[in-house]
file protein.cif (mmCIF, N, CA and C atoms)
data_final
loop_
_atom_site.label_atom_id
_atom_site.label_comp_id
_atom_site.auth_asym_id
_atom_site.auth_seq_id
_atom_site.Cartn_x
_atom_site.Cartn_y
_atom_site.Cartn_z
N MET A 15 31.92 34.70 26.82
CA MET A 15 32.40 34.89 25.46
C MET A 15 33.78 34.26 25.33
N ILE A 16 33.98 33.53 24.24
CA ILE A 16 35.29 32.96 23.94
C ILE A 16 35.69 33.40 22.53
N THR A 17 36.98 33.39 22.28
CA THR A 17 37.51 33.78 20.98
C THR A 17 38.22 32.60 20.35
N CYS A 18 37.87 32.33 19.11
CA CYS A 18 38.50 31.26 18.35
C CYS A 18 39.60 31.87 17.50
N PHE A 19 40.80 31.35 17.67
CA PHE A 19 41.94 31.75 16.85
C PHE A 19 42.28 30.56 15.95
N ILE A 20 42.23 30.77 14.64
CA ILE A 20 42.60 29.73 13.69
C ILE A 20 43.93 30.15 13.07
N ARG A 21 44.92 29.28 13.22
CA ARG A 21 46.23 29.54 12.62
C ARG A 21 46.34 28.67 11.38
N TYR A 22 46.62 29.31 10.26
CA TYR A 22 46.76 28.61 9.00
C TYR A 22 48.22 28.63 8.55
N GLU A 23 48.65 27.53 7.99
CA GLU A 23 49.88 27.52 7.20
C GLU A 23 49.39 27.42 5.77
N ILE A 24 49.74 28.42 4.96
CA ILE A 24 49.24 28.48 3.59
C ILE A 24 50.39 28.38 2.60
N ASP A 25 50.04 28.00 1.38
CA ASP A 25 51.00 27.96 0.28
C ASP A 25 51.35 29.41 -0.06
N PRO A 26 52.65 29.79 0.01
CA PRO A 26 53.00 31.19 -0.23
C PRO A 26 52.73 31.65 -1.66
N PHE A 27 52.54 30.72 -2.57
CA PHE A 27 52.25 31.08 -3.96
C PHE A 27 50.75 31.15 -4.23
N LYS A 28 49.95 30.91 -3.18
CA LYS A 28 48.49 30.96 -3.33
C LYS A 28 47.85 31.90 -2.31
N ARG A 29 48.55 33.01 -2.05
CA ARG A 29 48.02 33.98 -1.09
C ARG A 29 46.75 34.65 -1.61
N ALA A 30 46.64 34.83 -2.91
CA ALA A 30 45.42 35.43 -3.48
C ALA A 30 44.22 34.51 -3.25
N GLU A 31 44.43 33.20 -3.37
CA GLU A 31 43.34 32.26 -3.13
C GLU A 31 42.92 32.30 -1.66
N PHE A 32 43.90 32.40 -0.76
CA PHE A 32 43.56 32.51 0.66
C PHE A 32 42.77 33.79 0.93
N ALA A 33 43.15 34.89 0.28
CA ALA A 33 42.43 36.16 0.47
C ALA A 33 40.98 36.03 0.00
N GLU A 34 40.75 35.34 -1.10
CA GLU A 34 39.38 35.11 -1.57
C GLU A 34 38.59 34.28 -0.56
N TYR A 35 39.23 33.24 -0.05
CA TYR A 35 38.65 32.38 0.99
C TYR A 35 38.26 33.22 2.20
N ALA A 36 39.14 34.10 2.62
CA ALA A 36 38.89 34.96 3.78
C ALA A 36 37.72 35.90 3.53
N ARG A 37 37.64 36.50 2.35
CA ARG A 37 36.53 37.40 2.02
C ARG A 37 35.21 36.65 2.04
N ASN A 38 35.22 35.41 1.54
CA ASN A 38 34.00 34.60 1.58
C ASN A 38 33.55 34.36 3.01
N TRP A 39 34.50 34.02 3.90
CA TRP A 39 34.13 33.82 5.31
C TRP A 39 33.64 35.12 5.92
N GLY A 40 34.12 36.25 5.42
CA GLY A 40 33.65 37.54 5.91
C GLY A 40 32.15 37.74 5.73
N GLN A 41 31.56 37.04 4.76
CA GLN A 41 30.12 37.07 4.54
C GLN A 41 29.42 35.94 5.32
N ALA A 42 29.96 34.73 5.23
CA ALA A 42 29.28 33.55 5.78
C ALA A 42 29.35 33.46 7.31
N ILE A 43 30.47 33.77 7.90
CA ILE A 43 30.64 33.60 9.35
C ILE A 43 29.64 34.44 10.14
N PRO A 44 29.52 35.74 9.89
CA PRO A 44 28.54 36.52 10.66
C PRO A 44 27.10 36.04 10.41
N ARG A 45 26.80 35.67 9.19
CA ARG A 45 25.45 35.20 8.86
C ARG A 45 25.10 33.93 9.62
N CYS A 46 26.12 33.11 9.94
CA CYS A 46 25.88 31.84 10.64
C CYS A 46 25.98 31.96 12.15
N GLY A 47 26.30 33.16 12.68
CA GLY A 47 26.18 33.37 14.11
C GLY A 47 27.42 33.66 14.92
N ALA A 48 28.57 33.84 14.28
CA ALA A 48 29.77 34.20 15.04
C ALA A 48 30.13 35.66 14.75
N ASP A 49 30.79 36.29 15.71
CA ASP A 49 31.22 37.69 15.59
C ASP A 49 32.64 37.70 15.02
N LEU A 50 32.75 37.86 13.71
CA LEU A 50 34.05 37.80 13.05
C LEU A 50 34.87 39.04 13.35
N ILE A 51 36.07 38.84 13.87
CA ILE A 51 37.01 39.93 14.08
C ILE A 51 37.76 40.17 12.78
N GLY A 52 38.18 39.08 12.12
CA GLY A 52 38.81 39.23 10.82
C GLY A 52 39.70 38.07 10.46
N TYR A 53 40.11 38.07 9.21
CA TYR A 53 41.11 37.15 8.68
C TYR A 53 42.34 37.98 8.35
N PHE A 54 43.49 37.45 8.67
CA PHE A 54 44.73 38.17 8.53
C PHE A 54 45.71 37.33 7.72
N GLY A 55 46.18 37.90 6.61
CA GLY A 55 47.11 37.18 5.74
C GLY A 55 48.51 37.74 5.85
N PRO A 56 49.47 37.05 5.25
CA PRO A 56 50.87 37.48 5.31
C PRO A 56 51.06 38.89 4.75
N HIS A 57 51.90 39.64 5.42
CA HIS A 57 52.25 40.99 4.96
C HIS A 57 53.75 41.19 5.02
N GLU A 58 54.33 40.97 6.17
CA GLU A 58 55.78 41.12 6.38
C GLU A 58 56.22 39.98 7.26
N GLY A 59 57.39 39.46 7.03
CA GLY A 59 57.88 38.33 7.81
C GLY A 59 57.49 37.04 7.12
N SER A 60 56.78 36.18 7.82
CA SER A 60 56.38 34.89 7.26
C SER A 60 55.45 35.07 6.07
N ALA A 61 55.69 34.30 5.02
CA ALA A 61 54.82 34.31 3.84
C ALA A 61 53.82 33.18 3.90
N THR A 62 53.84 32.41 4.99
CA THR A 62 53.00 31.21 5.05
C THR A 62 52.04 31.19 6.23
N THR A 63 52.07 32.19 7.10
CA THR A 63 51.22 32.18 8.29
C THR A 63 50.07 33.17 8.13
N ALA A 64 48.86 32.69 8.43
CA ALA A 64 47.66 33.52 8.37
C ALA A 64 46.77 33.14 9.56
N TYR A 65 45.83 34.03 9.88
CA TYR A 65 44.94 33.80 11.01
C TYR A 65 43.50 34.18 10.67
N GLY A 66 42.58 33.49 11.30
CA GLY A 66 41.17 33.87 11.32
C GLY A 66 40.79 33.98 12.78
N VAL A 67 40.02 35.02 13.14
CA VAL A 67 39.69 35.26 14.55
C VAL A 67 38.22 35.67 14.66
N TYR A 68 37.49 34.99 15.54
CA TYR A 68 36.10 35.37 15.78
C TYR A 68 35.69 35.05 17.21
N ASN A 69 34.67 35.76 17.67
CA ASN A 69 34.10 35.54 19.00
C ASN A 69 32.83 34.71 18.88
N ILE A 70 32.57 33.92 19.92
CA ILE A 70 31.35 33.13 19.99
C ILE A 70 31.00 32.99 21.47
N GLU A 71 29.73 32.83 21.76
CA GLU A 71 29.26 32.82 23.15
C GLU A 71 29.84 31.67 23.98
N SER A 72 29.90 30.47 23.42
CA SER A 72 30.32 29.29 24.20
C SER A 72 30.68 28.17 23.23
N LEU A 73 31.21 27.09 23.77
CA LEU A 73 31.51 25.93 22.92
C LEU A 73 30.22 25.31 22.38
N ALA A 74 29.14 25.35 23.15
CA ALA A 74 27.85 24.85 22.65
C ALA A 74 27.37 25.70 21.48
N ALA A 75 27.50 27.01 21.59
CA ALA A 75 27.13 27.91 20.50
C ALA A 75 28.02 27.67 19.29
N TYR A 76 29.28 27.35 19.53
CA TYR A 76 30.21 27.05 18.45
C TYR A 76 29.75 25.82 17.66
N GLU A 77 29.31 24.78 18.35
CA GLU A 77 28.85 23.57 17.67
C GLU A 77 27.64 23.88 16.79
N ALA A 78 26.70 24.67 17.28
CA ALA A 78 25.52 25.04 16.50
C ALA A 78 25.93 25.91 15.30
N TYR A 79 26.85 26.82 15.52
CA TYR A 79 27.36 27.69 14.45
C TYR A 79 28.02 26.86 13.36
N ARG A 80 28.84 25.89 13.74
CA ARG A 80 29.52 25.04 12.75
C ARG A 80 28.52 24.24 11.92
N ALA A 81 27.45 23.78 12.54
CA ALA A 81 26.41 23.05 11.80
C ALA A 81 25.74 23.98 10.78
N ARG A 82 25.46 25.22 11.17
CA ARG A 82 24.86 26.18 10.23
C ARG A 82 25.83 26.50 9.09
N LEU A 83 27.10 26.67 9.42
CA LEU A 83 28.11 26.99 8.42
C LEU A 83 28.26 25.87 7.40
N ALA A 84 28.14 24.62 7.83
CA ALA A 84 28.29 23.47 6.94
C ALA A 84 27.19 23.38 5.89
N VAL A 85 26.02 23.95 6.17
CA VAL A 85 24.92 23.89 5.21
C VAL A 85 24.67 25.24 4.53
N ASP A 86 25.35 26.28 4.96
CA ASP A 86 25.25 27.59 4.32
C ASP A 86 25.81 27.47 2.89
N PRO A 87 25.09 27.98 1.87
CA PRO A 87 25.59 27.84 0.49
C PRO A 87 27.00 28.37 0.28
N LEU A 88 27.30 29.56 0.79
CA LEU A 88 28.65 30.11 0.62
C LEU A 88 29.66 29.35 1.47
N GLY A 89 29.24 28.91 2.66
CA GLY A 89 30.12 28.10 3.50
C GLY A 89 30.52 26.81 2.81
N LYS A 90 29.53 26.11 2.25
CA LYS A 90 29.82 24.87 1.52
C LYS A 90 30.73 25.13 0.33
N GLN A 91 30.44 26.20 -0.40
CA GLN A 91 31.25 26.56 -1.57
C GLN A 91 32.69 26.86 -1.14
N ASN A 92 32.85 27.54 -0.01
CA ASN A 92 34.19 27.91 0.44
C ASN A 92 34.99 26.69 0.90
N TYR A 93 34.34 25.75 1.59
CA TYR A 93 35.02 24.51 1.97
C TYR A 93 35.48 23.77 0.72
N GLU A 94 34.62 23.71 -0.30
CA GLU A 94 34.97 23.02 -1.55
C GLU A 94 36.10 23.74 -2.28
N PHE A 95 36.07 25.06 -2.28
CA PHE A 95 37.12 25.87 -2.90
C PHE A 95 38.48 25.56 -2.26
N ALA A 96 38.53 25.56 -0.93
CA ALA A 96 39.78 25.27 -0.22
C ALA A 96 40.26 23.86 -0.52
N SER A 97 39.36 22.91 -0.56
CA SER A 97 39.72 21.53 -0.84
C SER A 97 40.26 21.37 -2.26
N ARG A 98 39.62 22.02 -3.20
CA ARG A 98 40.01 21.92 -4.60
C ARG A 98 41.35 22.62 -4.87
N GLU A 99 41.52 23.83 -4.33
CA GLU A 99 42.70 24.64 -4.62
C GLU A 99 43.91 24.32 -3.73
N ARG A 100 43.68 23.70 -2.60
CA ARG A 100 44.73 23.22 -1.71
C ARG A 100 45.75 24.29 -1.29
N PHE A 101 45.26 25.47 -0.97
CA PHE A 101 46.15 26.54 -0.51
C PHE A 101 46.37 26.49 0.99
N ILE A 102 45.55 25.75 1.71
CA ILE A 102 45.75 25.58 3.15
C ILE A 102 46.54 24.30 3.37
N LEU A 103 47.73 24.43 3.93
CA LEU A 103 48.59 23.28 4.18
C LEU A 103 48.37 22.70 5.56
N LYS A 104 48.00 23.56 6.51
CA LYS A 104 47.78 23.14 7.89
C LYS A 104 46.85 24.15 8.55
N GLU A 105 46.02 23.65 9.47
CA GLU A 105 45.07 24.51 10.17
C GLU A 105 44.99 24.07 11.63
N ASP A 106 45.20 25.00 12.55
CA ASP A 106 45.09 24.73 13.98
C ASP A 106 44.09 25.72 14.57
N ARG A 107 43.31 25.25 15.53
CA ARG A 107 42.26 26.06 16.14
C ARG A 107 42.41 26.00 17.65
N ILE A 108 42.28 27.17 18.29
CA ILE A 108 42.33 27.24 19.75
C ILE A 108 41.27 28.24 20.21
N PHE A 109 40.69 27.96 21.36
CA PHE A 109 39.68 28.85 21.95
C PHE A 109 40.27 29.47 23.20
N LEU A 110 40.24 30.80 23.27
CA LEU A 110 40.79 31.52 24.40
C LEU A 110 39.74 32.47 24.96
N LYS A 111 39.92 32.82 26.22
CA LYS A 111 39.03 33.76 26.90
C LYS A 111 39.83 35.01 27.21
N ASN A 112 39.27 36.18 26.94
CA ASN A 112 39.94 37.44 27.22
C ASN A 112 39.95 37.67 28.73
N VAL A 113 41.11 37.66 29.31
CA VAL A 113 41.23 37.83 30.76
C VAL A 113 41.76 39.20 31.16
N SER A 114 41.96 40.10 30.18
CA SER A 114 42.49 41.43 30.49
C SER A 114 41.42 42.50 30.57
N MET A 115 40.16 42.14 30.41
CA MET A 115 39.08 43.13 30.42
C MET A 115 38.79 43.58 31.85
N PRO A 116 38.37 44.78 32.09
CA PRO A 116 38.21 45.84 31.10
C PRO A 116 39.54 46.54 30.83
N HIS A 117 39.70 47.02 29.62
CA HIS A 117 40.91 47.74 29.23
C HIS A 117 40.80 49.20 29.62
N GLY A 118 41.95 49.81 29.78
CA GLY A 118 41.97 51.26 30.03
C GLY A 118 41.76 52.02 28.73
N ALA A 119 41.57 53.31 28.83
CA ALA A 119 41.38 54.16 27.66
C ALA A 119 42.67 54.28 26.88
N LEU A 120 42.55 54.41 25.57
CA LEU A 120 43.69 54.58 24.70
C LEU A 120 44.28 55.98 24.90
N LYS A 121 45.58 56.03 25.15
CA LYS A 121 46.27 57.32 25.31
C LYS A 121 46.57 57.87 23.92
N LYS A 122 46.10 59.07 23.66
CA LYS A 122 46.34 59.71 22.36
C LYS A 122 47.58 60.55 22.43
N PRO A 123 48.38 60.51 21.34
CA PRO A 123 49.64 61.29 21.33
C PRO A 123 49.44 62.78 21.36
#

call {"tool": "encode", "arguments": {"input": "protein.cif", "output": "structure tokens"}}
result
Amino acid sequence: MITCFIRYEIDPFKRAEFAEYARNWGQAIPRCGADLIGYFGPHEGSATTAYGVYNIESLAAYEAYRARLAVDPLGKQNYEFASRERFILKEDRIFLKNVSMPHGALKKP
């Protein structure tokens, strides 16, 4: 299992558009085969940094997932929405492997 971290630089005046984009991916990404952890938008600190995070089995599975996402009706609509509204200024993607597993139990106060 690998985790894809997408770092976005977004227009700080178009945070609502990014949130709509994120909600759309919340429907399309799981349907196309990735385990979406979530999209995270600015709250405190930077007004321009956002993240999308999901798990996928392998890079080969990622390529198949991306092909499905490109033809998914909501996926296509969301790509067009981002292109038209131009709220994403920059996008970087990295794949990482969780090397801290297994985790210990959460200590409750």

call {"tool": "residues_near_point", "arguments": {"input": "protein.cif", "point": "(50.6, 34.1, 6.5)", "cutoff": "7 Å", "atoms": "all atoms listed in the file", "output": "number ranges by chain"}}
result
A: 22-24, 54-57, 60-65

call {"tool": "atom_distance", "arguments": {"input": "protein.cif", "atom1": "atom CA of Phe19 of chain A", "atom2": "atom CA of Lys121 of chain A"}}
result
27.3 Å

call {"tool": "atom_distance", "arguments": {"input": "protein.cif", "atom1": "atom C of Glu94 of chain A", "atom2": "atom N of Phe32 of chain A"}}
result
11.8 Å

call {"tool": "select_by_dssp", "arguments": {"input": "protein.cif", "residues": "chain A", "states": "helix (DSSP H, G or I)", "output": "PyMOL selection string"}}
result
chain A and resi 26-46+73-85+87-99

call {"tool": "resolve_selection", "arguments": {"input": "protein.cif", "expression": "the PyMOL selection byres (((chain A and resi 52 and name CA) around 7) and name CA)", "output": "list of chain:residue names"}}
result
A:Leu50, A:Ile51, A:Tyr53, A:Phe54, A:Gly66, A:Val67, A:Tyr68

call {"tool": "atom_distance", "arguments": {"input": "protein.cif", "atom1": "atom N of Met15 of chain A", "atom2": "atom CA of Ser72 of chain A"}}
result
6.2 Å

call {"tool": "closest_residue", "arguments": {"input": "protein.cif", "among": "A:Ile16, A:Arg21, A:Gly59, A:Gln91", "to": "Arg107 of chain A", "atoms": "only C-alpha atoms"}}
result
A:Arg21

call {"tool": "select_by_dssp", "arguments": {"input": "protein.cif", "residues": "chain A", "states": "strand (DSSP E)", "output": "PDB file with N, CA and C atoms, in the frame of the given file"}}
result
ATOM      1  N   ILE A  16      33.980  33.530  24.240  1.00  0.00           N
ATOM      2  CA  ILE A  16      35.290  32.960  23.940  1.00  0.00           C
ATOM      3  C   ILE A  16      35.690  33.400  22.530  1.00  0.00           C
ATOM      4  N   THR A  17      36.980  33.390  22.280  1.00  0.00           N
ATOM      5  CA  THR A  17      37.510  33.780  20.980  1.00  0.00           C
ATOM      6  C   THR A  17      38.220  32.600  20.350  1.00  0.00           C
ATOM      7  N   CYS A  18      37.870  32.330  19.110  1.00  0.00           N
ATOM      8  CA  CYS A  18      38.500  31.260  18.350  1.00  0.00           C
ATOM      9  C   CYS A  18      39.600  31.870  17.500  1.00  0.00           C
ATOM     10  N   PHE A  19      40.800  31.350  17.670  1.00  0.00           N
ATOM     11  CA  PHE A  19      41.940  31.750  16.850  1.00  0.00           C
ATOM     12  C   PHE A  19      42.280  30.560  15.950  1.00  0.00           C
ATOM     13  N   ILE A  20      42.230  30.770  14.640  1.00  0.00           N
ATOM     14  CA  ILE A  20      42.600  29.730  13.690  1.00  0.00           C
ATOM     15  C   ILE A  20      43.930  30.150  13.070  1.00  0.00           C
ATOM     16  N   ARG A  21      44.920  29.280  13.220  1.00  0.00           N
ATOM     17  CA  ARG A  21      46.230  29.540  12.620  1.00  0.00           C
ATOM     18  C   ARG A  21      46.340  28.670  11.380  1.00  0.00           C
ATOM     19  N   TYR A  22      46.620  29.310  10.260  1.00  0.00           N
ATOM     20  CA  TYR A  22      46.760  28.610   9.000  1.00  0.00           C
ATOM     21  C   TYR A  22      48.220  28.630   8.550  1.00  0.00           C
ATOM     22  N   GLU A  23      48.650  27.530   7.990  1.00  0.00           N
ATOM     23  CA  GLU A  23      49.880  27.520   7.200  1.00  0.00           C
ATOM     24  C   GLU A  23      49.390  27.420   5.770  1.00  0.00           C
ATOM     25  N   ILE A  24      49.740  28.420   4.960  1.00  0.00           N
ATOM     26  CA  ILE A  24      49.240  28.480   3.590  1.00  0.00           C
ATOM     27  C   ILE A  24      50.390  28.380   2.600  1.00  0.00           C
ATOM     28  N   ASP A  49      30.790  36.290  15.710  1.00  0.00           N
ATOM     29  CA  ASP A  49      31.220  37.690  15.590  1.00  0.00           C
ATOM     30  C   ASP A  49      32.640  37.700  15.020  1.00  0.00           C
ATOM     31  N   LEU A  50      32.750  37.860  13.710  1.00  0.00           N
ATOM     32  CA  LEU A  50      34.050  37.800  13.050  1.00  0.00           C
ATOM     33  C   LEU A  50      34.870  39.040  13.350  1.00  0.00           C
ATOM     34  N   ILE A  51      36.070  38.840  13.870  1.00  0.00           N
ATOM     35  CA  ILE A  51      37.010  39.930  14.080  1.00  0.00           C
ATOM     36  C   ILE A  51      37.760  40.170  12.780  1.00  0.00           C
ATOM     37  N   GLY A  52      38.180  39.080  12.120  1.00  0.00           N
ATOM     38  CA  GLY A  52      38.810  39.230  10.820  1.00  0.00           C
ATOM     39  C   GLY A  52      39.700  38.070  10.460  1.00  0.00           C
ATOM     40  N   TYR A  53      40.110  38.070   9.210  1.00  0.00           N
ATOM     41  CA  TYR A  53      41.110  37.150   8.680  1.00  0.00           C
ATOM     42  C   TYR A  53      42.340  37.980   8.350  1.00  0.00           C
ATOM     43  N   PHE A  54      43.490  37.450   8.670  1.00  0.00           N
ATOM     44  CA  PHE A  54      44.730  38.170   8.530  1.00  0.00           C
ATOM     45  C   PHE A  54      45.710  37.330   7.720  1.00  0.00           C
ATOM     46  N   THR A  63      52.070  32.190   7.100  1.00  0.00           N
ATOM     47  CA  THR A  63      51.220  32.180   8.290  1.00  0.00           C
ATOM     48  C   THR A  63      50.070  33.170   8.130  1.00  0.00           C
ATOM     49  N   ALA A  64      48.860  32.690   8.430  1.00  0.00           N
ATOM     50  CA  ALA A  64      47.660  33.520   8.370  1.00  0.00           C
ATOM     51  C   ALA A  64      46.770  33.140   9.560  1.00  0.00           C
ATOM     52  N   TYR A  65      45.830  34.030   9.880  1.00  0.00           N
ATOM     53  CA  TYR A  65      44.940  33.800  11.010  1.00  0.00           C
ATOM     54  C   TYR A  65      43.500  34.180  10.670  1.00  0.00           C
ATOM     55  N   GLY A  66      42.580  33.490  11.300  1.00  0.00           N
ATOM     56  CA  GLY A  66      41.170  33.870  11.320  1.00  0.00           C
ATOM     57  C   GLY A  66      40.790  33.980  12.780  1.00  0.00           C
ATOM     58  N   VAL A  67      40.020  35.020  13.140  1.00  0.00           N
ATOM     59  CA  VAL A  67      39.690  35.260  14.550  1.00  0.00           C
ATOM     60  C   VAL A  67      38.220  35.670  14.660  1.00  0.00           C
ATOM     61  N   TYR A  68      37.490  34.990  15.540  1.00  0.00           N
ATOM     62  CA  TYR A  68      36.100  35.370  15.780  1.00  0.00           C
ATOM     63  C   TYR A  68      35.690  35.050  17.210  1.00  0.00           C
ATOM     64  N   ASN A  69      34.670  35.760  17.670  1.00  0.00           N
ATOM     65  CA  ASN A  69      34.100  35.540  19.000  1.00  0.00           C
ATOM     66  C   ASN A  69      32.830  34.710  18.880  1.00  0.00           C
ATOM     67  N   ILE A  70      32.570  33.920  19.920  1.00  0.00           N
ATOM     68  CA  ILE A  70      31.350  33.130  19.990  1.00  0.00           C
ATOM     69  C   ILE A  70      31.000  32.990  21.470  1.00  0.00           C
ATOM     70  N   ILE A 102      45.550  25.750   1.710  1.00  0.00           N
ATOM     71  CA  ILE A 102      45.750  25.580   3.150  1.00  0.00           C
ATOM     72  C   ILE A 102      46.540  24.300   3.370  1.00  0.00           C
ATOM     73  N   LEU A 103      47.730  24.430   3.930  1.00  0.00           N
ATOM     74  CA  LEU A 103      48.590  23.280   4.180  1.00  0.00           C
ATOM     75  C   LEU A 103      48.370  22.700   5.560  1.00  0.00           C
ATOM     76  N   LYS A 104      48.000  23.560   6.510  1.00  0.00           N
ATOM     77  CA  LYS A 104      47.780  23.140   7.890  1.00  0.00           C
ATOM     78  C   LYS A 104      46.850  24.150   8.550  1.00  0.00           C
ATOM     79  N   GLU A 105      46.020  23.650   9.470  1.00  0.00           N
ATOM     80  CA  GLU A 105      45.070  24.510  10.170  1.00  0.00           C
ATOM     81  C   GLU A 105      44.990  24.070  11.630  1.00  0.00           C
ATOM     82  N   ASP A 106      45.200  25.000  12.550  1.00  0.00           N
ATOM     83  CA  ASP A 106      45.090  24.730  13.980  1.00  0.00           C
ATOM     84  C   ASP A 106      44.090  25.720  14.570  1.00  0.00           C
ATOM     85  N   ARG A 107      43.310  25.250  15.530  1.00  0.00           N
ATOM     86  CA  ARG A 107      42.260  26.060  16.140  1.00  0.00           C
ATOM     87  C   ARG A 107      42.410  26.000  17.650  1.00  0.00           C
ATOM     88  N   ILE A 108      42.280  27.170  18.290  1.00  0.00           N
ATOM     89  CA  ILE A 108      42.330  27.240  19.750  1.00  0.00           C
ATOM     90  C   ILE A 108      41.270  28.240  20.210  1.00  0.00           C
ATOM     91  N   PHE A 109      40.690  27.960  21.360  1.00  0.00           N
ATOM     92  CA  PHE A 109      39.680  28.850  21.950  1.00  0.00           C
ATOM     93  C   PHE A 109      40.270  29.470  23.200  1.00  0.00           C
ATOM     94  N   LEU A 110      40.240  30.800  23.270  1.00  0.00           N
ATOM     95  CA  LEU A 110      40.790  31.520  24.400  1.00  0.00           C
ATOM     96  C   LEU A 110      39.740  32.470  24.960  1.00  0.00           C
TER      97      LEU A 110
END

call {"tool": "closest_residue", "arguments": {"input": "protein.cif", "among": "A:Lys104, A:Lys111, A:Arg37, A:Arg98", "to": "Thr17 of chain A", "atoms": "all atoms listed in the file"}}
result
A:Lys111

call {"tool": "closest_residue", "arguments": {"input": "protein.cif", "among": "A:Leu83, A:Ile102, A:Ala119, A:Val113", "to": "Asn38 of chain A", "atoms": "only C-alpha atoms"}}
result
A:Leu83

call {"tool": "residues_around", "arguments": {"input": "protein.cif", "residues": "segment 43-46 of chain A", "least_positions_apart": "3", "cutoff": "8 Å", "atoms": "only N, CA and C atoms", "output": "MDAnalysis selection string"}}
result
chainID A and resid 38:40 49:50 78:83 86 88:89

call {"tool": "write_last_selection", "arguments": {"input": "protein.cif", "atoms": "N, CA and C atoms", "output": "PDB file, in the coordinates of the input"}}
result
ATOM      1  N   ASN A  38      35.220  35.410   1.540  1.00  0.00           N
ATOM      2  CA  ASN A  38      34.000  34.600   1.580  1.00  0.00           C
ATOM      3  C   ASN A  38      33.550  34.360   3.010  1.00  0.00           C
ATOM      4  N   TRP A  39      34.500  34.020   3.900  1.00  0.00           N
ATOM      5  CA  TRP A  39      34.130  33.820   5.310  1.00  0.00           C
ATOM      6  C   TRP A  39      33.640  35.120   5.920  1.00  0.00           C
ATOM      7  N   GLY A  40      34.120  36.250   5.420  1.00  0.00           N
ATOM      8  CA  GLY A  40      33.650  37.540   5.910  1.00  0.00           C
ATOM      9  C   GLY A  40      32.150  37.740   5.730  1.00  0.00           C
ATOM     10  N   ASP A  49      30.790  36.290  15.710  1.00  0.00           N
ATOM     11  CA  ASP A  49      31.220  37.690  15.590  1.00  0.00           C
ATOM     12  C   ASP A  49      32.640  37.700  15.020  1.00  0.00           C
ATOM     13  N   LEU A  50      32.750  37.860  13.710  1.00  0.00           N
ATOM     14  CA  LEU A  50      34.050  37.800  13.050  1.00  0.00           C
ATOM     15  C   LEU A  50      34.870  39.040  13.350  1.00  0.00           C
ATOM     16  N   ALA A  78      26.700  24.670  17.280  1.00  0.00           N
ATOM     17  CA  ALA A  78      25.520  25.040  16.500  1.00  0.00           C
ATOM     18  C   ALA A  78      25.930  25.910  15.300  1.00  0.00           C
ATOM     19  N   TYR A  79      26.850  26.820  15.520  1.00  0.00           N
ATOM     20  CA  TYR A  79      27.360  27.690  14.450  1.00  0.00           C
ATOM     21  C   TYR A  79      28.020  26.860  13.360  1.00  0.00           C
ATOM     22  N   ARG A  80      28.840  25.890  13.740  1.00  0.00           N
ATOM     23  CA  ARG A  80      29.520  25.040  12.750  1.00  0.00           C
ATOM     24  C   ARG A  80      28.520  24.240  11.920  1.00  0.00           C
ATOM     25  N   ALA A  81      27.450  23.780  12.540  1.00  0.00           N
ATOM     26  CA  ALA A  81      26.410  23.050  11.800  1.00  0.00           C
ATOM     27  C   ALA A  81      25.740  23.980  10.780  1.00  0.00           C
ATOM     28  N   ARG A  82      25.460  25.220  11.170  1.00  0.00           N
ATOM     29  CA  ARG A  82      24.860  26.180  10.230  1.00  0.00           C
ATOM     30  C   ARG A  82      25.830  26.500   9.090  1.00  0.00           C
ATOM     31  N   LEU A  83      27.100  26.670   9.420  1.00  0.00           N
ATOM     32  CA  LEU A  83      28.110  26.990   8.420  1.00  0.00           C
ATOM     33  C   LEU A  83      28.260  25.870   7.400  1.00  0.00           C
ATOM     34  N   ASP A  86      25.350  26.280   4.960  1.00  0.00           N
ATOM     35  CA  ASP A  86      25.250  27.590   4.320  1.00  0.00           C
ATOM     36  C   ASP A  86      25.810  27.470   2.890  1.00  0.00           C
ATOM     37  N   LEU A  88      27.300  29.560   0.790  1.00  0.00           N
ATOM     38  CA  LEU A  88      28.650  30.110   0.620  1.00  0.00           C
ATOM     39  C   LEU A  88      29.660  29.350   1.470  1.00  0.00           C
ATOM     40  N   GLY A  89      29.240  28.910   2.660  1.00  0.00           N
ATOM     41  CA  GLY A  89      30.120  28.100   3.500  1.00  0.00           C
ATOM     42  C   GLY A  89      30.520  26.810   2.810  1.00  0.00           C
TER      43      GLY A  89
END

call {"tool": "resolve_selection", "arguments": {"input": "protein.cif", "expression": "the PyMOL selection byres (((chain A and resi 109 and name CA) around 6) and name CA)", "output": "ChimeraX atom specification"}}
result
/A:17-18,108,110

call {"tool": "closest_residue", "arguments": {"input": "protein.cif", "among": "A:Glu71, A:Asp25, A:Lys90, A:Pro116", "to": "Leu103 of chain A", "atoms": "only N, CA and C atoms"}}
result
A:Asp25

call {"tool": "closest_residue", "arguments": {"input": "protein.cif", "among": "A:Ala42, A:Lys122, A:Lys28, A:Leu73", "to": "Pro87 of chain A", "atoms": "all atoms listed in the file"}}
result
A:Ala42
